[in-house]
file work12.txt (compact mmCIF, C-alpha atoms)
# COMPACT_ATOMS: atom_id res chain seq x y z
CA MET A 1 60.28 202.07 -93.36
CA ALA A 2 60.19 205.57 -94.78
CA THR A 3 62.85 206.27 -97.36
CA ILE A 4 65.03 209.27 -97.90
CA ARG A 5 62.81 210.36 -100.76
CA ASP A 6 59.79 210.75 -98.46
CA LEU A 7 61.25 213.91 -96.96
CA ASN A 8 59.07 217.01 -97.27
CA ALA A 9 59.97 220.71 -97.13
CA GLU A 10 59.56 220.83 -93.36
CA HIS A 11 61.99 217.93 -92.93
CA ILE A 12 64.53 219.64 -95.16
CA ASP A 13 64.17 222.84 -93.10
CA ILE A 14 64.87 220.90 -89.92
CA LEU A 15 67.98 219.33 -91.42
CA LYS A 16 69.14 222.80 -92.50
CA GLU A 17 68.63 224.00 -88.96
CA ILE A 18 70.76 221.11 -87.73
CA GLY A 19 73.52 222.17 -90.11
CA ASN A 20 73.12 225.76 -88.98
CA ILE A 21 73.34 225.03 -85.29
CA GLY A 22 76.11 222.46 -85.58
CA ALA A 23 78.35 224.35 -87.96
CA GLY A 24 77.54 227.67 -86.26
CA ASN A 25 78.86 226.33 -83.00
CA ALA A 26 81.91 224.89 -84.74
CA ALA A 27 82.58 228.14 -86.59
CA THR A 28 82.54 229.98 -83.26
CA ALA A 29 85.06 227.49 -81.88
CA LEU A 30 87.24 227.92 -84.96
CA SER A 31 87.04 231.67 -84.70
CA GLN A 32 88.14 231.58 -81.04
CA LEU A 33 90.92 229.14 -81.81
CA LEU A 34 92.39 231.30 -84.56
CA ASN A 35 91.26 234.64 -83.22
CA LYS A 36 89.77 235.39 -86.64
CA LYS A 37 86.38 236.04 -88.04
CA ILE A 38 84.90 232.93 -89.68
CA GLU A 39 81.90 233.16 -91.97
CA MET A 40 79.42 230.44 -92.67
CA ASN A 41 77.13 229.80 -95.61
CA VAL A 42 73.51 228.79 -95.33
CA PRO A 43 73.51 225.01 -95.04
CA ASN A 44 72.79 223.07 -98.13
CA VAL A 45 70.66 219.97 -97.69
CA GLN A 46 70.78 217.72 -100.71
CA ILE A 47 69.39 214.36 -101.64
CA VAL A 48 71.91 213.05 -104.11
CA ILE A 49 73.00 209.83 -105.75
CA PHE A 50 76.41 208.64 -104.59
CA ASP A 51 78.37 209.96 -107.53
CA GLU A 52 76.86 213.41 -107.00
CA VAL A 53 78.07 213.41 -103.39
CA MET A 54 81.62 213.58 -104.73
CA GLU A 55 80.72 216.42 -107.08
CA LEU A 56 79.78 218.60 -104.08
CA VAL A 57 83.48 219.06 -103.43
CA GLY A 58 84.91 219.08 -106.93
CA GLY A 59 84.92 215.44 -107.99
CA ALA A 60 86.11 212.15 -106.51
CA GLU A 61 89.78 212.77 -107.27
CA GLN A 62 90.05 216.15 -105.54
CA VAL A 63 92.73 215.85 -102.87
CA VAL A 64 91.64 217.23 -99.50
CA ALA A 65 92.46 217.11 -95.81
CA ALA A 66 89.57 215.49 -93.98
CA VAL A 67 88.70 214.63 -90.43
CA PHE A 68 86.19 211.81 -90.18
CA LEU A 69 84.30 210.52 -87.21
CA ARG A 70 81.52 208.05 -86.70
CA ILE A 71 78.59 209.02 -84.54
CA GLU A 72 77.11 206.25 -82.43
CA GLY A 73 74.14 206.44 -80.08
CA GLU A 74 70.51 207.27 -80.79
CA ALA A 75 71.11 208.77 -84.25
CA PRO A 76 74.19 207.15 -85.81
CA GLY A 77 75.87 208.69 -88.81
CA SER A 78 79.11 209.97 -90.24
CA MET A 79 80.61 213.39 -89.98
CA PHE A 80 83.38 214.90 -92.07
CA PHE A 81 85.22 218.19 -91.81
CA VAL A 82 86.84 218.71 -95.20
CA LEU A 83 89.45 221.37 -95.98
CA SER A 84 91.10 222.29 -99.26
CA LEU A 85 94.86 221.76 -98.96
CA PRO A 86 95.73 225.50 -99.10
CA GLN A 87 93.17 226.23 -96.38
CA ALA A 88 94.38 223.37 -94.18
CA GLU A 89 97.95 224.64 -94.57
CA ARG A 90 96.84 228.18 -93.72
CA PHE A 91 95.14 227.02 -90.53
CA VAL A 92 98.15 225.00 -89.45
CA LYS A 93 100.49 227.92 -90.10
CA GLN A 94 98.28 230.17 -87.99
CA MET A 95 98.08 227.65 -85.16
CA THR A 96 101.73 226.61 -85.02
CA GLY A 97 103.57 229.60 -86.46
CA ASP A 98 105.37 227.19 -88.80
CA ALA A 99 105.35 229.18 -92.04
CA LEU A 100 106.89 226.31 -94.02
CA PHE A 101 104.24 223.71 -93.26
CA SER A 102 103.22 221.91 -96.45
CA LEU A 103 100.87 219.00 -96.98
CA ALA A 104 102.49 218.36 -100.34
CA SER A 105 105.76 217.31 -98.75
CA PRO A 106 106.13 213.53 -98.42
CA GLN A 107 106.48 213.82 -94.63
CA PRO A 108 104.49 216.83 -93.37
CA SER A 109 105.71 217.96 -89.95
CA GLU A 110 104.29 215.93 -87.09
CA LEU A 111 103.44 219.04 -85.11
CA GLY A 112 101.48 220.46 -88.03
CA MET A 113 99.56 217.24 -88.58
CA SER A 114 98.68 216.97 -84.91
CA ALA A 115 97.52 220.60 -84.93
CA LEU A 116 95.28 219.75 -87.87
CA GLN A 117 93.98 216.66 -86.08
CA GLU A 118 93.26 218.74 -82.99
CA LEU A 119 91.48 221.36 -85.08
CA GLY A 120 89.27 218.62 -86.48
CA ASN A 121 88.61 217.19 -83.00
CA ILE A 122 87.52 220.55 -81.64
CA LEU A 123 85.31 221.44 -84.59
CA ALA A 124 83.65 218.07 -84.95
CA GLY A 125 83.14 217.95 -81.19
CA SER A 126 81.46 221.36 -81.09
CA TYR A 127 79.26 220.49 -84.09
CA LEU A 128 78.11 217.31 -82.42
CA SER A 129 77.54 218.75 -78.98
CA ALA A 130 75.33 221.46 -80.50
CA LEU A 131 73.45 218.77 -82.41
CA ALA A 132 72.98 216.69 -79.26
CA ASP A 133 71.75 219.73 -77.29
CA PHE A 134 69.31 220.70 -80.02
CA THR A 135 67.82 217.24 -80.48
CA LYS A 136 68.24 215.97 -76.89
CA LEU A 137 69.56 212.77 -78.43
CA THR A 138 72.46 210.87 -76.93
CA LEU A 139 75.31 210.86 -79.43
CA TYR A 140 78.74 209.35 -78.94
CA PRO A 141 81.46 210.46 -81.33
CA SER A 142 84.32 208.10 -82.17
CA VAL A 143 87.86 209.43 -81.95
CA PRO A 144 88.24 211.48 -85.15
CA ALA A 145 90.70 210.29 -87.78
CA LEU A 146 92.63 212.63 -90.08
CA THR A 147 93.67 211.80 -93.61
CA VAL A 148 94.88 213.61 -96.71
CA ASP A 149 93.65 211.85 -99.81
CA MET A 150 91.10 211.78 -102.63
CA ILE A 151 87.72 212.98 -101.43
CA GLY A 152 85.93 210.09 -103.15
CA ALA A 153 87.92 207.51 -101.21
CA ILE A 154 87.21 209.36 -97.95
CA LEU A 155 83.49 210.04 -98.33
CA GLN A 156 82.82 206.40 -99.25
CA TYR A 157 82.96 205.62 -95.55
CA GLY A 158 79.99 207.89 -94.95
CA LEU A 159 77.97 206.06 -97.61
CA LEU A 160 78.40 202.49 -96.38
CA GLU A 161 75.35 202.29 -94.11
CA LEU A 162 73.25 204.24 -96.61
CA SER A 163 74.30 201.95 -99.42
CA ARG A 164 72.61 199.00 -97.75
CA VAL A 165 69.28 200.75 -98.28
CA GLY A 166 69.68 202.54 -101.60
CA ASP A 167 71.90 204.59 -103.86
CA TYR A 168 71.00 207.95 -102.36
CA ALA A 169 72.48 209.99 -99.56
CA ILE A 170 71.15 212.96 -97.73
CA VAL A 171 73.97 215.36 -97.14
CA ILE A 172 73.87 218.31 -94.76
CA ASP A 173 76.66 220.49 -96.13
CA THR A 174 77.75 223.71 -94.46
CA ALA A 175 80.66 225.68 -95.88
CA VAL A 176 82.84 227.98 -93.79
CA HIS A 177 85.55 230.40 -94.82
CA GLU A 178 87.80 233.06 -93.38
CA GLU A 179 86.47 236.56 -93.65
CA GLN A 180 89.35 237.75 -95.84
CA GLN A 181 88.88 234.94 -98.37
CA PRO A 182 85.35 235.53 -99.61
CA GLY A 183 85.86 234.29 -103.15
CA ASP A 184 87.09 230.96 -101.94
CA SER A 185 83.85 229.46 -100.70
CA ILE A 186 84.98 225.84 -100.74
CA ASN A 187 87.53 226.42 -98.02
CA GLY A 188 85.97 224.22 -95.43
CA HIS A 189 82.95 221.94 -95.44
CA PHE A 190 81.13 220.18 -92.69
CA PHE A 191 79.31 217.13 -94.01
CA LEU A 192 76.83 215.31 -91.86
CA LEU A 193 75.49 212.06 -93.29
CA PRO A 194 72.94 210.47 -90.97
CA ASP A 195 72.51 206.70 -91.28
CA PRO A 196 69.15 205.66 -92.78
CA ASP A 197 67.64 204.71 -89.43
CA SER A 198 68.56 208.02 -87.84
CA PHE A 199 65.95 210.17 -89.54
CA VAL A 200 63.07 208.84 -87.47
CA PRO A 201 64.72 209.62 -84.09
CA ILE A 202 65.99 212.99 -85.30
CA PHE A 203 62.59 214.14 -86.51
CA ARG A 204 60.74 212.60 -83.59
CA SER A 205 62.99 214.37 -81.11
CA LEU A 206 62.00 217.67 -82.72
CA GLY A 207 58.31 216.84 -82.79
CA VAL A 208 57.88 216.19 -86.50
CA SER A 209 56.33 213.01 -87.80
CA TYR A 210 58.25 210.91 -90.31
CA GLU A 211 57.22 207.26 -90.53
CA MET B 1 89.80 206.42 -140.04
CA ASN B 2 90.69 207.93 -136.72
CA GLU B 3 88.32 207.15 -133.96
CA LEU B 4 88.04 209.37 -130.93
CA VAL B 5 89.24 207.72 -127.73
CA HIS B 6 86.65 207.86 -125.01
CA VAL B 7 87.26 207.15 -121.38
CA ILE B 8 84.23 205.29 -120.10
CA LYS B 9 83.59 206.36 -116.53
CA VAL B 10 82.31 203.88 -114.01
CA GLY B 11 80.68 205.43 -110.93
CA ILE B 12 80.28 204.07 -107.43
CA ALA B 13 78.38 200.78 -107.40
CA ASP B 14 78.38 200.78 -111.19
CA MET B 15 79.88 198.65 -113.98
CA ASN B 16 80.49 198.77 -117.72
CA VAL B 17 82.40 197.13 -120.57
CA VAL B 18 84.95 198.55 -122.99
CA GLN B 19 86.65 197.71 -126.28
CA PRO B 20 89.64 199.39 -127.98
CA PRO B 21 90.44 202.15 -128.67
CA HIS B 22 88.45 203.24 -125.64
CA LEU B 23 89.57 203.13 -122.02
CA ILE B 24 87.62 202.53 -118.85
CA ARG B 25 88.19 204.20 -115.50
CA THR B 26 86.83 204.68 -112.01
CA SER B 27 87.90 207.41 -109.59
CA GLY B 28 88.48 207.64 -105.88
CA LEU B 29 88.43 204.00 -104.81
CA GLY B 30 88.79 203.89 -101.04
CA SER B 31 87.36 200.84 -99.34
CA CYS B 32 85.65 199.96 -102.62
CA VAL B 33 87.27 197.50 -105.01
CA GLY B 34 87.72 198.03 -108.73
CA VAL B 35 87.60 194.65 -110.44
CA VAL B 36 88.66 194.42 -114.08
CA ILE B 37 87.85 191.25 -116.02
CA PHE B 38 89.16 190.89 -119.57
CA ASP B 39 89.67 188.62 -122.56
CA GLN B 40 93.02 189.73 -123.97
CA MET B 41 92.69 188.13 -127.43
CA LYS B 42 89.15 189.36 -128.02
CA GLU B 43 90.14 192.76 -126.61
CA VAL B 44 87.11 193.16 -124.44
CA ALA B 45 87.11 194.15 -120.78
CA GLY B 46 84.73 195.12 -118.02
CA LEU B 47 85.12 197.10 -114.83
CA ALA B 48 82.94 197.04 -111.71
CA HIS B 49 83.21 199.43 -108.75
CA VAL B 50 82.18 197.17 -105.87
CA MET B 51 81.14 198.82 -102.63
CA LEU B 52 80.06 196.04 -100.25
CA PRO B 53 81.06 192.37 -99.92
CA ASP B 54 77.72 190.64 -99.86
CA SER B 55 74.17 191.30 -101.02
CA SER B 56 72.89 189.81 -97.76
CA LEU B 57 73.86 193.21 -96.28
CA ALA B 58 71.15 194.83 -98.40
CA ARG B 59 68.10 196.10 -96.57
CA SER B 60 66.06 197.03 -99.63
CA GLU B 61 63.86 194.86 -101.81
CA THR B 62 65.51 195.73 -105.08
CA ILE B 63 69.27 195.69 -105.18
CA ASN B 64 71.85 197.31 -107.39
CA ILE B 65 73.80 194.24 -108.52
CA ALA B 66 76.94 196.27 -109.27
CA LYS B 67 77.21 197.25 -105.61
CA TYR B 68 77.92 193.84 -104.04
CA ALA B 69 80.87 191.55 -104.73
CA ASP B 70 78.73 188.40 -104.79
CA THR B 71 76.40 189.78 -107.49
CA ALA B 72 78.67 192.18 -109.41
CA VAL B 73 81.39 189.76 -110.51
CA GLU B 74 78.97 187.31 -112.12
CA ALA B 75 76.95 190.09 -113.76
CA LEU B 76 80.14 191.65 -115.11
CA VAL B 77 81.21 188.33 -116.62
CA GLU B 78 77.80 188.13 -118.27
CA LEU B 79 78.24 191.60 -119.81
CA ILE B 80 81.72 190.72 -121.08
CA ILE B 81 80.47 187.53 -122.71
CA GLN B 82 77.67 189.47 -124.40
CA ALA B 83 80.34 191.86 -125.73
CA GLY B 84 82.30 188.96 -127.26
CA GLY B 85 84.50 187.74 -124.42
CA ARG B 86 85.00 183.99 -123.88
CA LYS B 87 84.26 182.53 -120.48
CA ASN B 88 87.30 180.25 -120.28
CA TRP B 89 89.77 182.92 -121.33
CA LEU B 90 88.88 185.56 -118.79
CA LYS B 91 91.45 187.00 -116.38
CA ALA B 92 91.12 189.58 -113.65
CA LYS B 93 93.05 192.49 -112.17
CA LEU B 94 92.06 194.12 -108.88
CA ALA B 95 92.73 197.40 -107.13
CA GLY B 96 91.33 199.16 -104.08
CA GLY B 97 90.07 197.79 -100.80
CA ALA B 98 92.07 200.23 -98.72
CA GLN B 99 91.53 200.91 -95.07
CA MET B 100 91.52 204.68 -95.11
CA PHE B 101 90.92 205.11 -91.39
CA SER B 102 91.77 203.00 -88.38
CA PHE B 103 89.35 203.22 -85.52
CA GLN B 104 89.15 201.61 -82.13
CA SER B 105 85.39 202.23 -82.14
CA ALA B 106 82.62 199.68 -81.93
CA ASN B 107 81.54 199.41 -85.53
CA THR B 108 84.81 197.89 -86.67
CA ASP B 109 83.13 195.50 -89.09
CA MET B 110 82.10 198.36 -91.35
CA MET B 111 85.50 200.01 -90.93
CA ARG B 112 87.22 196.81 -92.11
CA ILE B 113 85.08 196.90 -95.22
CA GLY B 114 88.04 197.31 -97.61
CA PRO B 115 89.75 193.99 -96.83
CA ARG B 116 86.34 192.28 -96.68
CA ASN B 117 85.51 193.58 -100.16
CA VAL B 118 88.81 192.21 -101.52
CA GLU B 119 88.21 188.79 -99.95
CA ALA B 120 84.67 188.65 -101.32
CA VAL B 121 85.69 189.61 -104.87
CA LYS B 122 88.47 187.00 -104.85
CA ARG B 123 86.11 184.32 -103.57
CA GLU B 124 83.70 185.07 -106.41
CA LEU B 125 86.48 185.05 -109.03
CA GLU B 126 87.70 181.72 -107.70
CA ARG B 127 84.20 180.28 -107.87
CA LEU B 128 83.96 181.36 -111.50
CA ARG B 129 87.51 180.06 -112.16
CA ILE B 130 88.86 183.42 -113.26
CA PRO B 131 92.55 183.84 -112.30
CA VAL B 132 93.71 187.08 -110.70
CA VAL B 133 96.86 187.98 -112.68
CA ALA B 134 97.68 191.25 -110.90
CA GLU B 135 96.48 193.23 -107.92
CA ASP B 136 97.15 196.36 -105.93
CA VAL B 137 94.94 196.12 -102.88
CA GLY B 138 94.89 197.17 -99.23
CA GLY B 139 97.01 199.92 -97.77
CA SER B 140 95.53 203.20 -96.68
CA SER B 141 95.44 205.27 -99.87
CA GLY B 142 92.69 206.14 -102.29
CA ARG B 143 93.17 205.01 -105.89
CA THR B 144 92.00 206.04 -109.34
CA ILE B 145 92.32 203.27 -111.90
CA GLU B 146 92.19 203.12 -115.68
CA PHE B 147 92.29 200.02 -117.87
CA ASN B 148 93.30 199.73 -121.50
CA PRO B 149 91.63 196.69 -123.13
CA LYS B 150 94.23 196.69 -125.96
CA THR B 151 97.34 196.43 -123.79
CA CYS B 152 95.52 194.99 -120.74
CA ILE B 153 97.48 197.35 -118.53
CA LEU B 154 95.84 198.72 -115.42
CA SER B 155 97.14 202.16 -114.40
CA ILE B 156 96.74 203.04 -110.75
CA ARG B 157 97.13 206.56 -109.45
CA THR B 158 97.48 207.38 -105.76
CA VAL B 159 98.05 210.75 -104.12
CA ASN B 160 101.47 209.93 -102.68
CA GLN B 161 102.93 207.35 -105.04
CA GLY B 162 102.05 208.76 -108.45
CA VAL B 163 101.07 206.30 -111.18
CA LYS B 164 101.96 202.65 -111.36
CA GLU B 165 101.02 200.04 -113.92
CA ILE B 166 100.14 196.44 -113.29
call {"tool": "encode", "arguments": {"input": "work12.txt", "output": "structure tokens"}}
result
Amino acid sequence: MATIRDLNAEHIDILKEIGNIGAGNAATALSQLLNKKIEMNVPNVQIVIFDEVMELVGGAEQVVAAVFLRIEGEAPGSMFFVLSLPQAERFVKQMTGDALFSLASPQPSELGMSALQELGNILAGSYLSALADFTKLTLYPSVPALTVDMIGAILQYGLLELSRVGDYAIVIDTAVHEEQQPGDSINGHFFLLPDPDSFVPIFRSLGVSYE
Amino acid sequence: MNELVHVIKVGIADMNVVQPPHLIRTSGLGSCVGVVIFDQMKEVAGLAHVMLPDSSLARSETINIAKYADTAVEALVELIIQAGGRKNWLKAKLAGGAQMFSFQSANTDMMRIGPRNVEAVKRELERLRIPVVAEDVGGSSGRTIEFNPKTCILSIRTVNQGVKEI
């Protein structure tokens, strides 16, 4: 079996394109949902050891709001939509009109949390449907789960299948932010972590050899 | 002479040993288990950040022994003995093994990985006759843990419950 480290420049470009198409579609959905302009960075495709995965978002202890879903089907993997707490609160306030919503409170309002969950569902769903259209692969998303906790503890779930093969992950990371908050580039991240066996079907579906 | 206190960091699927005045820590334990084994009188301790319950899950030829409960615990004991610990005096403290997400989806075995990691670590400790004197496992929160080999106190920080010591 080919390993993650056998990827060449063309493979990396394809994975970037996947991030572009997926997150682009999701950013459009987000923009329509909030009636705001959402900007997106060029996707970052990185082959990193596990501890470096956590560094992509400011270290394992960084507290974030994250929506996680498992992808089943022809190219299984894990997908995360990660928001900084201030950004998550800003989105919820815009969606619900509840100006007092705070994730720091011991019992954040149920309405706010379900708005955040719904935001994650919509975005992850539009990312995945774009990915499925692009690759013509059949992908089934699980019901997304929302949690607010340390990023290290959350992202571990995306590393489990990979960890059976090695200590490396390939992360397709696309950052999005509101137009008015340009300095704050870590506002939202889409992370796609394909399982080790998914690279062959992904590349094959796009006509690139990888065996 | 004053000696600088270092905090030895243990990464994911990693392990190390520590002696006073230094401390040892691992961050962001979710479904992973942090297992601390120590000899209180000799003031030597080791910490492993275990990711998966059993090395039979491995699909590669070479394995990282710190990653799997069934290989990490024994290897950690070995390291502690090399550092001056005594086999019959070892005790253990555990933290982690949370279930961060609950899914109804098909791949529930992998989603239940936290509790499975805890069971596997305990089984290994029992096989090696190392008593577990304290634990903070399960639940649905991520944990950062730090162990002091002098006091043998394990500090556990979670996002919602602050710091507790066991």
call {"tool": "interface_residues", "arguments": {"input": "work12.txt", "of": "chain A", "to": "chain B", "cutoff": "9 Å", "atoms": "all atoms listed in the file", "output": "PyMOL selection string"}}
result
chain A and resi 50-51+59-63+68+70+72+104+106+142-157+160-161+163-167
call {"tool": "write_last_selection", "arguments": {"input": "work12.txt", "atoms": "C-alpha atoms", "output": "tab-separated table (two decimals), keeping the file's coordinate frame"}}
result
chain	number	residue	atom	x	y	z
A	50	PHE	CA	76.41	208.64	-104.59
A	51	ASP	CA	78.37	209.96	-107.53
A	59	GLY	CA	84.92	215.44	-107.99
A	60	ALA	CA	86.11	212.15	-106.51
A	61	GLU	CA	89.78	212.77	-107.27
A	62	GLN	CA	90.05	216.15	-105.54
A	63	VAL	CA	92.73	215.85	-102.87
A	68	PHE	CA	86.19	211.81	-90.18
A	70	ARG	CA	81.52	208.05	-86.70
A	72	GLU	CA	77.11	206.25	-82.43
A	104	ALA	CA	102.49	218.36	-100.34
A	106	PRO	CA	106.13	213.53	-98.42
A	142	SER	CA	84.32	208.10	-82.17
A	143	VAL	CA	87.86	209.43	-81.95
A	144	PRO	CA	88.24	211.48	-85.15
A	145	ALA	CA	90.70	210.29	-87.78
A	146	LEU	CA	92.63	212.63	-90.08
A	147	THR	CA	93.67	211.80	-93.61
A	148	VAL	CA	94.88	213.61	-96.71
A	149	ASP	CA	93.65	211.85	-99.81
A	150	MET	CA	91.10	211.78	-102.63
A	151	ILE	CA	87.72	212.98	-101.43
A	152	GLY	CA	85.93	210.09	-103.15
A	153	ALA	CA	87.92	207.51	-101.21
A	154	ILE	CA	87.21	209.36	-97.95
A	155	LEU	CA	83.49	210.04	-98.33
A	156	GLN	CA	82.82	206.40	-99.25
A	157	TYR	CA	82.96	205.62	-95.55
A	160	LEU	CA	78.40	202.49	-96.38
A	161	GLU	CA	75.35	202.29	-94.11
A	163	SER	CA	74.30	201.95	-99.42
A	164	ARG	CA	72.61	199.00	-97.75
A	165	VAL	CA	69.28	200.75	-98.28
A	166	GLY	CA	69.68	202.54	-101.60
A	167	ASP	CA	71.90	204.59	-103.86
call {"tool": "atom_distance", "arguments": {"input": "work12.txt", "atom1": "CA of Glu78 in chain B", "atom2": "CA of Leu125 in chain B"}}
result
13.0 Å
call {"tool": "residues_near_point", "arguments": {"input": "work12.txt", "point": "(95.4, 219.5, -91.4)", "cutoff": "6 Å", "atoms": "only C-alpha atoms", "output": "PDB file with C-alpha atoms, keeping the file's coordinate frame"}}
result
ATOM      1  CA  ALA A  65      92.460 217.110 -95.810  1.00  0.00           C
ATOM      2  CA  ALA A  88      94.380 223.370 -94.180  1.00  0.00           C
ATOM      3  CA  MET A 113      99.560 217.240 -88.580  1.00  0.00           C
ATOM      4  CA  LEU A 116      95.280 219.750 -87.870  1.00  0.00           C
TER       5      LEU A 116
END
call {"tool": "residues_around", "arguments": {"input": "work12.txt", "residues": "range 192-196 of chain A", "least_positions_apart": "3", "cutoff": "8 Å", "atoms": "only C-alpha atoms", "output": "PyMOL selection string"}}
result
chain A and resi 3-4+19+75-80+158-159+161-162+165+169-173+199
call {"tool": "residues_around", "arguments": {"input": "work12.txt", "residues": "Gly34 in chain B", "least_positions_apart": "5", "cutoff": "8 Å", "atoms": "only C-alpha atoms", "output": "list of chain:residue names"}}
result
B:Thr26, B:Leu29, B:Leu47, B:Ala48, B:His49, B:Val50, B:Leu94, B:Ala95, B:Gly96, B:Ile145
call {"tool": "closest_atom_pairs", "arguments": {"input": "work12.txt", "of": "range 7-72 of chain B", "to": "range 130-135 of chain B", "cutoff": "12 Å", "atoms": "all atoms listed in the file", "output": "CSV"}}
result
residue,atom,partner,partner_atom,distance
B:Val33,CA,B:Glu135,CA,10.6
B:Gly34,CA,B:Glu135,CA,10.0
B:Val35,CA,B:Glu135,CA,9.3
B:Val36,CA,B:Val132,CA,9.5
B:Ile37,CA,B:Ile130,CA,8.4
B:Phe38,CA,B:Ile130,CA,9.8
B:Asp39,CA,B:Ile130,CA,10.7
call {"tool": "atom_distance", "arguments": {"input": "work12.txt", "atom1": "CA of Ser126 in chain A", "atom2": "CA of His189 in chain A"}}
result
14.4 Å
call {"tool": "residues_around", "arguments": {"input": "work12.txt", "residues": "Val7 in chain B", "least_positions_apart": "6", "cutoff": "8 Å", "atoms": "all atoms listed in the file", "output": "PyMOL selection string"}}
result
chain B and resi 22-25
call {"tool": "residues_around", "arguments": {"input": "work12.txt", "residues": "range 23-27 of chain A", "least_positions_apart": "2", "cutoff": "12 Å", "atoms": "only C-alpha atoms", "output": "PDB file with C-alpha atoms, keeping the file's coordinate frame"}}
result
ATOM      1  CA  LYS A  16      69.140 222.800 -92.500  1.00  0.00           C
ATOM      2  CA  GLU A  17      68.630 224.000 -88.960  1.00  0.00           C
ATOM      3  CA  ILE A  18      70.760 221.110 -87.730  1.00  0.00           C
ATOM      4  CA  GLY A  19      73.520 222.170 -90.110  1.00  0.00           C
ATOM      5  CA  ASN A  20      73.120 225.760 -88.980  1.00  0.00           C
ATOM      6  CA  ILE A  21      73.340 225.030 -85.290  1.00  0.00           C
ATOM      7  CA  ALA A  29      85.060 227.490 -81.880  1.00  0.00           C
ATOM      8  CA  LEU A  30      87.240 227.920 -84.960  1.00  0.00           C
ATOM      9  CA  SER A  31      87.040 231.670 -84.700  1.00  0.00           C
ATOM     10  CA  GLN A  32      88.140 231.580 -81.040  1.00  0.00           C
ATOM     11  CA  LEU A  33      90.920 229.140 -81.810  1.00  0.00           C
ATOM     12  CA  LEU A  34      92.390 231.300 -84.560  1.00  0.00           C
ATOM     13  CA  ASN A  35      91.260 234.640 -83.220  1.00  0.00           C
ATOM     14  CA  LYS A  36      89.770 235.390 -86.640  1.00  0.00           C
ATOM     15  CA  LYS A  37      86.380 236.040 -88.040  1.00  0.00           C
ATOM     16  CA  ILE A  38      84.900 232.930 -89.680  1.00  0.00           C
ATOM     17  CA  GLU A  39      81.900 233.160 -91.970  1.00  0.00           C
ATOM     18  CA  MET A  40      79.420 230.440 -92.670  1.00  0.00           C
ATOM     19  CA  ASN A  41      77.130 229.800 -95.610  1.00  0.00           C
ATOM     20  CA  VAL A  42      73.510 228.790 -95.330  1.00  0.00           C
ATOM     21  CA  PRO A  43      73.510 225.010 -95.040  1.00  0.00           C
ATOM     22  CA  ASN A  44      72.790 223.070 -98.130  1.00  0.00           C
ATOM     23  CA  MET A  79      80.610 213.390 -89.980  1.00  0.00           C
ATOM     24  CA  PHE A  80      83.380 214.900 -92.070  1.00  0.00           C
ATOM     25  CA  PHE A  81      85.220 218.190 -91.810  1.00  0.00           C
ATOM     26  CA  LEU A 119      91.480 221.360 -85.080  1.00  0.00           C
ATOM     27  CA  GLY A 120      89.270 218.620 -86.480  1.00  0.00           C
ATOM     28  CA  ASN A 121      88.610 217.190 -83.000  1.00  0.00           C
ATOM     29  CA  ILE A 122      87.520 220.550 -81.640  1.00  0.00           C
ATOM     30  CA  LEU A 123      85.310 221.440 -84.590  1.00  0.00           C
ATOM     31  CA  ALA A 124      83.650 218.070 -84.950  1.00  0.00           C
ATOM     32  CA  GLY A 125      83.140 217.950 -81.190  1.00  0.00           C
ATOM     33  CA  SER A 126      81.460 221.360 -81.090  1.00  0.00           C
ATOM     34  CA  TYR A 127      79.260 220.490 -84.090  1.00  0.00           C
ATOM     35  CA  LEU A 128      78.110 217.310 -82.420  1.00  0.00           C
ATOM     36  CA  SER A 129      77.540 218.750 -78.980  1.00  0.00           C
ATOM     37  CA  ALA A 130      75.330 221.460 -80.500  1.00  0.00           C
ATOM     38  CA  LEU A 131      73.450 218.770 -82.410  1.00  0.00           C
ATOM     39  CA  ALA A 132      72.980 216.690 -79.260  1.00  0.00           C
ATOM     40  CA  ASP A 133      71.750 219.730 -77.290  1.00  0.00           C
ATOM     41  CA  PHE A 134      69.310 220.700 -80.020  1.00  0.00           C
ATOM     42  CA  ILE A 172      73.870 218.310 -94.760  1.00  0.00           C
ATOM     43  CA  ASP A 173      76.660 220.490 -96.130  1.00  0.00           C
ATOM     44  CA  THR A 174      77.750 223.710 -94.460  1.00  0.00           C
ATOM     45  CA  ALA A 175      80.660 225.680 -95.880  1.00  0.00           C
ATOM     46  CA  VAL A 176      82.840 227.980 -93.790  1.00  0.00           C
ATOM     47  CA  HIS A 177      85.550 230.400 -94.820  1.00  0.00           C
ATOM     48  CA  GLU A 178      87.800 233.060 -93.380  1.00  0.00           C
ATOM     49  CA  GLU A 179      86.470 236.560 -93.650  1.00  0.00           C
ATOM     50  CA  GLY A 188      85.970 224.220 -95.430  1.00  0.00           C
ATOM     51  CA  HIS A 189      82.950 221.940 -95.440  1.00  0.00           C
ATOM     52  CA  PHE A 190      81.130 220.180 -92.690  1.00  0.00           C
ATOM     53  CA  PHE A 191      79.310 217.130 -94.010  1.00  0.00           C
ATOM     54  CA  LEU A 192      76.830 215.310 -91.860  1.00  0.00           C
TER      55      LEU A 192
END
call {"tool": "atom_distance", "arguments": {"input": "work12.txt", "atom1": "CA of Lys91 in chain B", "atom2": "CA of Thr71 in chain B"}}
result
17.7 Å
call {"tool": "residues_around", "arguments": {"input": "work12.txt", "residues": "Leu7 in chain A", "least_positions_apart": "5", "cutoff": "12 Å", "atoms": "all atoms listed in the file", "output": "list in words"}}
result
Ala2, Ile12, Asp13, Ile14, Leu15, Val45, Gln46, Ile47, Ile170, Phe199, Val200, Phe203, Val208, Ser209, Tyr210 and Glu211 of chain A
